Each structure stands twice: as structure tokens, then as C-alpha cells.
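Novice: This is structure_12.pdb (PDB, C-alpha atoms).
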ATOM      1  CA  MET A 327     173.424  85.667 126.070
ATOM      2  CA  ALA A 328     172.274  82.885 123.731
ATOM      3  CA  ASP A 329     169.347  85.020 122.629
ATOM      4  CA  SER A 330     171.596  87.844 121.401
ATOM      5  CA  PHE A 331     173.808  85.298 119.600
ATOM      6  CA  ASN A 332     170.734  83.939 117.735
ATOM      7  CA  LYS A 333     169.680  87.459 116.809
ATOM      8  CA  LYS A 334     173.130  88.181 115.393
ATOM      9  CA  GLU A 335     173.123  84.935 113.389
ATOM     10  CA  ARG A 336     169.664  85.668 111.950
ATOM     11  CA  GLU A 337     170.782  89.179 110.998
ATOM     12  CA  LYS A 338     173.900  87.782 109.287
ATOM     13  CA  LYS A 339     171.766  85.349 107.252
ATOM     14  CA  ARG A 340     169.354  88.113 106.289
ATOM     15  CA  GLN A 341     172.194  90.369 105.141
ATOM     16  CA  LYS A 342     173.771  87.505 103.145
ATOM     17  CA  LYS A 343     170.473  86.831 101.342
ATOM     18  CA  LYS A 344     170.167  90.529 100.578
ATOM     19  CA  ARG A 345     173.696  90.615  99.100
ATOM     20  CA  ASP A 346     173.086  87.446  97.045
ATOM     21  CA  LYS A 347     169.894  88.899  95.626
ATOM     22  CA  ALA A 348     171.654  92.140  94.662
ATOM     23  CA  GLU A 349     174.448  90.157  92.983
ATOM     24  CA  LYS A 350     171.956  88.139  90.949
ATOM     25  CA  ARG A 351     170.194  91.335  89.873
ATOM     26  CA  GLN A 352     173.517  92.846  88.725
ATOM     27  CA  GLN A 353     174.435  89.630  86.901
ATOM     28  CA  LYS A 354     171.159  89.723  84.971
ATOM     29  CA  LYS A 355     171.790  93.338  83.988
ATOM     30  CA  ALA A 356     175.298  92.453  82.821
ATOM     31  CA  ASP A 357     174.052  89.475  80.772
ATOM     32  CA  ASN A 358     171.300  91.658  79.284
ATOM     33  CA  THR A 359     168.934  88.685  79.129
ATOM     34  CA  LYS A 360     165.207  88.914  79.685
ATOM     35  CA  PRO A 361     162.920  86.070  80.635
ATOM     36  CA  LEU A 362     160.241  85.080  78.143
ATOM     37  CA  GLU A 363     157.255  87.338  78.557
ATOM     38  CA  PHE A 364     154.816  85.254  76.539
ATOM     39  CA  MET A 365     154.637  82.175  74.371
ATOM     40  CA  TYR A 366     153.067  81.417  70.995
ATOM     41  CA  VAL A 367     150.988  78.438  69.962
ATOM     42  CA  GLY A 368     152.447  76.628  66.973
ATOM     43  CA  GLU A 369     150.644  74.762  64.185
ATOM     44  CA  ASP A 370     150.844  71.530  66.148
ATOM     45  CA  GLY A 371     149.250  73.150  69.204
ATOM     46  CA  ASN A 372     152.422  73.230  71.304
ATOM     47  CA  LEU A 373     153.848  76.355  72.934
ATOM     48  CA  THR A 374     156.899  77.909  71.289
ATOM     49  CA  ALA A 375     159.028  80.980  71.935
ATOM     50  CA  GLU A 376     159.287  81.868  68.216
ATOM     51  CA  LYS A 377     156.567  83.910  66.584
ATOM     52  CA  PRO A 378     154.838  81.813  63.948
ATOM     53  CA  THR A 379     154.679  83.074  60.388
ATOM     54  CA  PHE A 380     151.286  83.659  58.843
ATOM     55  CA  ASP A 381     150.539  81.577  55.761
ATOM     56  CA  PRO A 382     147.353  82.799  54.025
ATOM     57  CA  SER A 383     147.136  79.603  51.968
ATOM     58  CA  LYS A 384     146.390  77.654  55.167
ATOM     59  CA  GLU A 385     143.103  79.236  56.136
ATOM     60  CA  THR A 386     140.974  77.506  58.740
ATOM     61  CA  SER A 387     137.216  77.446  58.487
ATOM     62  CA  ILE A 388     134.928  77.232  61.473
ATOM     63  CA  SER A 389     133.835  73.718  60.498
ATOM     64  CA  ASP A 390     137.458  72.516  60.846
ATOM     65  CA  ILE A 391     137.581  73.455  64.523
ATOM     66  CA  ASN A 392     136.650  70.637  66.911
ATOM     67  CA  ILE A 393     135.272  71.766  70.221
ATOM     68  CA  SER A 394     134.987  69.299  73.075
ATOM     69  CA  TYR A 395     134.893  69.346  76.823
ATOM     70  CA  ARG A 396     135.993  67.015  79.544
ATOM     71  CA  LYS A 397     133.231  65.259  81.437
ATOM     72  CA  GLU A 398     133.256  66.467  85.015
ATOM     73  CA  GLU A 399     133.238  63.899  87.744
ATOM     74  CA  GLY A 400     131.016  64.781  90.635
ATOM     75  CA  ALA A 401     127.880  64.076  92.607
ATOM     76  CA  SER A 402     125.787  63.584  89.469
ATOM     77  CA  GLU A 403     127.869  60.606  88.361
ATOM     78  CA  SER A 404     125.989  57.407  89.101
ATOM     79  CA  LYS A 405     127.550  53.978  89.388
ATOM     80  CA  PHE A 406     124.879  51.475  90.447
ATOM     81  CA  THR A 407     121.121  51.255  90.762
ATOM     82  CA  LYS A 408     120.193  49.845  94.150
ATOM     83  CA  SER A 409     117.048  49.246  96.136
ATOM     84  CA  GLY A 410     116.359  49.758  99.804
ATOM     85  CA  SER A 411     114.095  51.371 102.354
ATOM     86  CA  VAL A 412     114.021  54.808 103.932
ATOM     87  CA  LYS A 413     115.596  54.492 107.359
ATOM     88  CA  PHE A 414     115.066  58.123 108.417
ATOM     89  CA  PHE A 415     113.802  61.263 106.671
ATOM     90  CA  ASN A 416     113.252  64.725 108.141
ATOM     91  CA  THR A 417     110.886  66.654 105.850
ATOM     92  CA  GLU A 418     111.488  69.970 107.644
ATOM     93  CA  LYS A 419     115.259  69.860 107.122
ATOM     94  CA  GLY A 420     115.047  68.019 103.786
ATOM     95  CA  TYR A 421     117.457  65.145 104.332
ATOM     96  CA  GLY A 422     117.564  61.565 105.529
ATOM     97  CA  PHE A 423     119.149  58.159 105.106
ATOM     98  CA  ILE A 424     118.330  55.136 102.964
ATOM     99  CA  GLU A 425     119.411  51.649 103.974
ATOM    100  CA  GLU A 426     120.298  49.337 101.103
ATOM    101  CA  LYS A 427     118.443  46.035 101.050
ATOM    102  CA  ASN A 428     121.370  43.691 100.301
ATOM    103  CA  SER A 429     124.343  45.113 102.198
ATOM    104  CA  GLY A 430     122.585  47.158 104.892
ATOM    105  CA  GLU A 431     124.776  50.145 104.080
ATOM    106  CA  SER A 432     123.271  53.592 104.723
ATOM    107  CA  TYR A 433     123.311  56.370 102.118
ATOM    108  CA  PHE A 434     122.631  60.059 102.689
ATOM    109  CA  VAL A 435     119.739  61.479 100.662
ATOM    110  CA  HIS A 436     118.789  65.119 100.126
ATOM    111  CA  ILE A 437     115.352  66.378  99.141
ATOM    112  CA  ASP A 438     116.786  67.734  95.852
ATOM    113  CA  ASN A 439     117.526  64.142  94.725
ATOM    114  CA  LEU A 440     113.941  62.883  95.160
ATOM    115  CA  SER A 441     111.503  62.327  92.287
ATOM    116  CA  ALA A 442     108.540  62.090  94.711
ATOM    117  CA  PRO A 443     108.020  62.806  98.423
ATOM    118  CA  ILE A 444     109.166  59.971 100.701
ATOM    119  CA  LYS A 445     108.680  59.026 104.333
ATOM    120  CA  GLU A 446     110.200  56.476 106.692
ATOM    121  CA  HIS A 447     109.913  52.764 105.754
ATOM    122  CA  ASP A 448     109.118  53.526 102.064
ATOM    123  CA  LYS A 449     110.662  51.123  99.522
ATOM    124  CA  VAL A 450     112.805  53.004  97.012
ATOM    125  CA  THR A 451     115.288  52.532  94.194
ATOM    126  CA  PHE A 452     118.261  54.873  93.860
ATOM    127  CA  GLU A 453     121.617  55.368  92.236
ATOM    128  CA  VAL A 454     124.814  55.809  94.189
ATOM    129  CA  GLY A 455     126.867  58.927  93.583
ATOM    130  CA  LYS A 456     129.818  60.637  95.166
ATOM    131  CA  GLY A 457     129.162  63.456  97.622
ATOM    132  CA  PRO A 458     131.523  65.700  99.599
ATOM    133  CA  LYS A 459     131.476  63.410 102.645
ATOM    134  CA  GLY A 460     131.007  60.040 100.987
ATOM    135  CA  PRO A 461     128.432  58.102  98.952
ATOM    136  CA  VAL A 462     124.994  59.678  98.469
ATOM    137  CA  ALA A 463     121.687  58.465  97.040
ATOM    138  CA  LEU A 464     120.712  60.116  93.754
ATOM    139  CA  ASP A 465     117.582  59.916  91.591
ATOM    140  CA  VAL A 466     115.508  58.342  94.392
ATOM    141  CA  LYS A 467     112.199  56.819  93.186
ATOM    142  CA  LEU A 468     109.398  55.088  95.047
ATOM    143  CA  VAL A 469     108.833  51.426  94.213
TER     144      VAL A 469
END
With the file now loaded, output its structure as C-alpha cells.

Specialist:
Amino acid sequence: MADSFNKKEREKKRQKKKRDKAEKRQQKKADNTKPLEFMYVGEDGNLTAEKPTFDPSKETSISDINISYRKEEGASESKFTKSGSVKFFNTEKGYGFIEEKNSGESYFVHIDNLSAPIKEHDKVTFEVGKGPKGPVALDVKLV
């Protein structure tokens, strides 16, 4: 019995939403208003709804346009140069771990970030970068 009551209540809510949507559609037709389809960029670089007027006396040359880009933060961003020793390195799979000399913290290293081939217990210097799973060793060089 409770199940059929819930079904009836859900159907009532669905029908009410349908009616409300139809009423809103009719109201928009009656108001004869349309939403903005696109925006213009004004002289100051801000978006406006009004179409700007063209003034031929204000021509812009290519040398007046400044082009710049935002520096991306990622794995290539280094923060510190550290030294340590290779704790483990698998040449077949191309990855390993470097243990920092001072703190004893381990950093993941991939074969793509090596300047020369390394093996276990080699002394190296490296920079710390940000990887998808935490800090990684970048620009690894033998000492």
C-alpha cells in the first residue's frame, strides 16, 4: 500500500514540474524577451551586450598588441636542488627511488628525468618537482 502511495506522490510531483515548465515557457512568449545570444568585447576588454561602434581613427597596429601566456605549474617546476643516493633503480622498467642525504626522504625518479644512466648506491644531485602522486626527482645528475 505504501509503495502505491509513493508512486502517486512521485507522479504528482512530475506533473507539477511539467506544468510549471509550460507556464514559464508561456510567460517568456508573452514577455517577448530573448536571452542574450552573444556578447561583444569593448575597448576596455570587458564583455558588453551593446555592439561597439567602429572608429577608423583608432586603428591598432600589430606592434601595439601584447601577447603573453601564463606559466603552467607542473612536474617541470623545480623548487630545490638536493643531493642523495640511489636507493633502488630498475633499468628494465625505467624507474626507481632516490633517498635524500639530509632528511632521508625518498623521491620517485623516472628514466626520462636522468642526464646519465644510474644504478643503486650512486651519489646524485636532483631537483624536486611535483608529480601526480607526490614529489618526484627531476634533472638527476651523477656527482

Novice: Please determine, counting only C-alpha atoms, which residue among A:Lys344, A:Lys408, A:Lys445, A:Lys419 has the shortest atom-to-atom distance to A:Ala463.

Specialist: A:Lys408

Novice: When you draw a straight line from atom CA of A:Thr386 to atom CA of A:Met365, how long is it in Å?

Specialist: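 Atom CA of A:Met365 lies at a distance of 21.3 Å from atom CA of A:Thr386.
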
Novice: Which polymer residues have any atom within 7 Å of an atom of A:Leu440, counting only C-alpha atoms, with same-chain residues fewer than 5 positions away left out, as a PyMOL selection string?

Specialist: chain A and resi 465-467

Novice: Take the residues that were just selected and, keeping C-alpha atoms, output them as a CSV table (one decimal), keeping the file's coordinate frame.

Specialist:
chain,number,residue,atom,x,y,z
A,465,ASP,CA,117.6,59.9,91.6
A,466,VAL,CA,115.5,58.3,94.4
A,467,LYS,CA,112.2,56.8,93.2

Novice: Report, in Å with one decimal, the straight-line distance from atom CA of A:Gly457 to atom CA of A:Val435.

Specialist: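 The value is 10.1 Å.
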
Novice: Kindly give the distance, in Å, that separates atom CA of A:Asn439 and atom CA of A:Asn416, rounded to a single decimal.

Specialist: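 We find that atom CA of A:Asn439 and atom CA of A:Asn416 lie 14.1 Å from each other.
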
Novice: Residues picked by the PyMOL selection byres ((chain A and resi 420-425) around 8) here, as a list in words?

Specialist: Gly410, Ser411, Val412, Lys413, Phe414, Phe415, Asn416, Thr417, Glu418, Lys419, Glu426, Lys427, Gly430, Glu431, Ser432, Tyr433, Phe434, Val435, His436, Ile437 and Ala463 of chain A

Novice: My list of candidates is A:Val469, A:Glu369, A:Pro382, A:Lys334. Which is closest to A:His447 when distances are computed with only C-alpha atoms?

Specialist: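 Of the candidates, the smallest distance to A:His447 is held by A:Val469.
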
Novice: Residues at most 10 Å from A:Tyr366, counting all atoms listed in the file, excluding those fewer than 5 positions away in the same chain, as an MDAnalysis selection string?

Specialist: chainID A and resid 371:378
